[in-house]
Amino acid sequence: YGGTISITAAGTGYSGDNTNGKTYYFYDANGVSCHENFKCAAEGIESNSSINISGGTISVTATDDALNTSLTGGSINVSGGCLYAYSSGGDGLDSNGNIYVSGGTIVALAPTGSEDALDCGDNYSTTVTGGLIAAASGSSNAKLSSSKTSAVLAVNYTGSSSGSGGMGMGNSFGSSSSSIAGKTFVITNSSGTNLYTFVCPSVSSGSSSSGGMGGGSSGYSILAMVSPNFVGQGSCTLSAYSSPTLSGGSSFNGLYTEMPAVSGTASSTSTVTPQ
């Protein structure tokens with residue numbers, strides 16, 4: 001229900017099958033020689049059923065999925081707390097069932113080409129009914145379902161001129177990788193009030209197994225932005241900055257929970273309507 005947890009899972013891991021597994025030999029309590037095969041994957045937090053997060057601060061950096069539920073039908077449930085999930089070679093949140101977000105603050109980053117920041121299982125969905133989210137994916141699938149309440153709305157930003165599907169909409173700011181990584185995104189309402197600010201990390205040209213924030217060999221193709229501040233606002237302005245000045249506010253891994261004052265010239269702007 002509280003506290004701070006930081007996890008770094010590096011390396012390539014190994015399989016537990018007979019061809020690629022690690023075999024350990026030992027003696028049991030009766031002195032009989034035994035051996036077992038073990039599996040080790042470079043995932044940050046893995047469960048064979050479900051993962052439930054309701055509070056605290058959790059930061060995970062992994063070369064495979066940052067969070068993973070391996071059981072088909074298992075779920076990831078976030079109702080509170082602050083969660084940072086970065087994977088240099090896998091998904092941010094990877095569930096073989098549903099993903100439910102009803103509260104909390106989430107920064108999920110998965111820059112590798114085919115990976116998702118929020119990855120639900122096939123024939124399952126990612127349902128958001130609350131919370132503050134920045135989810136940047138190497139793939140072009142936001143995987144945010146249309147199942148939501150009026151407590152939260154979303155904007156999906158992509159490098160294509162067409163909508164991204166799911167919850168939200170796409171907006172064209174140029175090529176996807178160059179227009180998301182390393183940029184600061186600000187959404188303001190018709191009165192100019194700052195509703196949402198996220199400083200997206202840059203993506204290095206290193207290998208996807210390099211790990212750490214900014215690792216990965218691909219780039220971000222889509223950024224899903226979710227906030228309760230969007231509710232009732234109607235048409236808004238989405239601005240992308242290369243090097244703005246941010247004053248005040250409070251942030252969690254680049255996602256502002258208390259809005260800063262933003263100054264500078266935006267490299268791109270677009271009119272969006274959170275959905």
# chains A, B, ... in the order shown; residues from 1 in each chain; ligands from 1
>>> residues_around(residues="A:Thr72", least_positions_apart="4", cutoff="9 Å", atoms="only C-alpha atoms", output="PyMOL selection string")
chain A and resi 48-49+95-97+121
>>> residues_around(residues="A:Thr271", least_positions_apart="5", cutoff="7 Å", atoms="only C-alpha atoms", output="mmCIF file with N, CA, C and O atoms, in the first residue's frame")
data_model
loop_
_atom_site.group_PDB
_atom_site.id
_atom_site.type_symbol
_atom_site.label_atom_id
_atom_site.label_comp_id
_atom_site.auth_asym_id
_atom_site.auth_seq_id
_atom_site.Cartn_x
_atom_site.Cartn_y
_atom_site.Cartn_z
ATOM 1 N N SER A 235 -12.454 21.403 -27.387
ATOM 2 C CA SER A 235 -11.288 21.568 -28.250
ATOM 3 C C SER A 235 -10.104 22.134 -27.477
ATOM 4 O O SER A 235 -10.235 23.096 -26.711
ATOM 5 N N CYS A 236 -8.928 21.510 -27.667
ATOM 6 C CA CYS A 236 -7.705 21.921 -26.982
ATOM 7 C C CYS A 236 -6.571 22.096 -27.991
ATOM 8 O O CYS A 236 -6.700 21.728 -29.157
ATOM 9 N N THR A 237 -5.472 22.659 -27.538
ATOM 10 C CA THR A 237 -4.281 22.807 -28.370
ATOM 11 C C THR A 237 -3.178 21.906 -27.859
ATOM 12 O O THR A 237 -2.821 21.966 -26.676
ATOM 13 N N LEU A 238 -2.658 21.062 -28.736
ATOM 14 C CA LEU A 238 -1.534 20.177 -28.418
ATOM 15 C C LEU A 238 -0.286 20.762 -29.064
ATOM 16 O O LEU A 238 -0.213 20.931 -30.279
#
>>> atom_distance(atom1="atom CA of A:Gly192", atom2="atom CA of A:Tyr241")
15.8 Å
>>> closest_residue(among="A:Ser137, A:Ser75, A:Ser242, A:Ser33", to="A:Tyr124", atoms="only C-alpha atoms")
A:Ser75
>>> atom_distance(atom1="atom CA of A:Gly104", atom2="atom CA of A:Thr63")
24.2 Å
>>> residues_around(residues="A:Ile106", least_positions_apart="5", cutoff="12 Å", atoms="only C-alpha atoms", output="PyMOL selection string")
chain A and resi 53-60+77-86+92-93+101+117-118+128+130-136+198+224-227+251-257
>>> residues_around(residues="A:Ile180", least_positions_apart="6", cutoff="8 Å", atoms="only C-alpha atoms", output="list of chain:residue names")
A:Cys200, A:Tyr220, A:Ser221, A:Ile222, A:Leu223
>>> residues_around(residues="A:Met259", least_positions_apart="5", cutoff="8 Å", atoms="only C-alpha atoms", output="list in words")
Asn194, Leu195, Tyr196, Thr197, Gly248, Gly249 and Ser250 of chain A
>>> closest_residue(among="A:Thr112, A:Ser247, A:Asn189, A:Ser239", to="A:Gly219", atoms="only C-alpha atoms")
A:Thr112
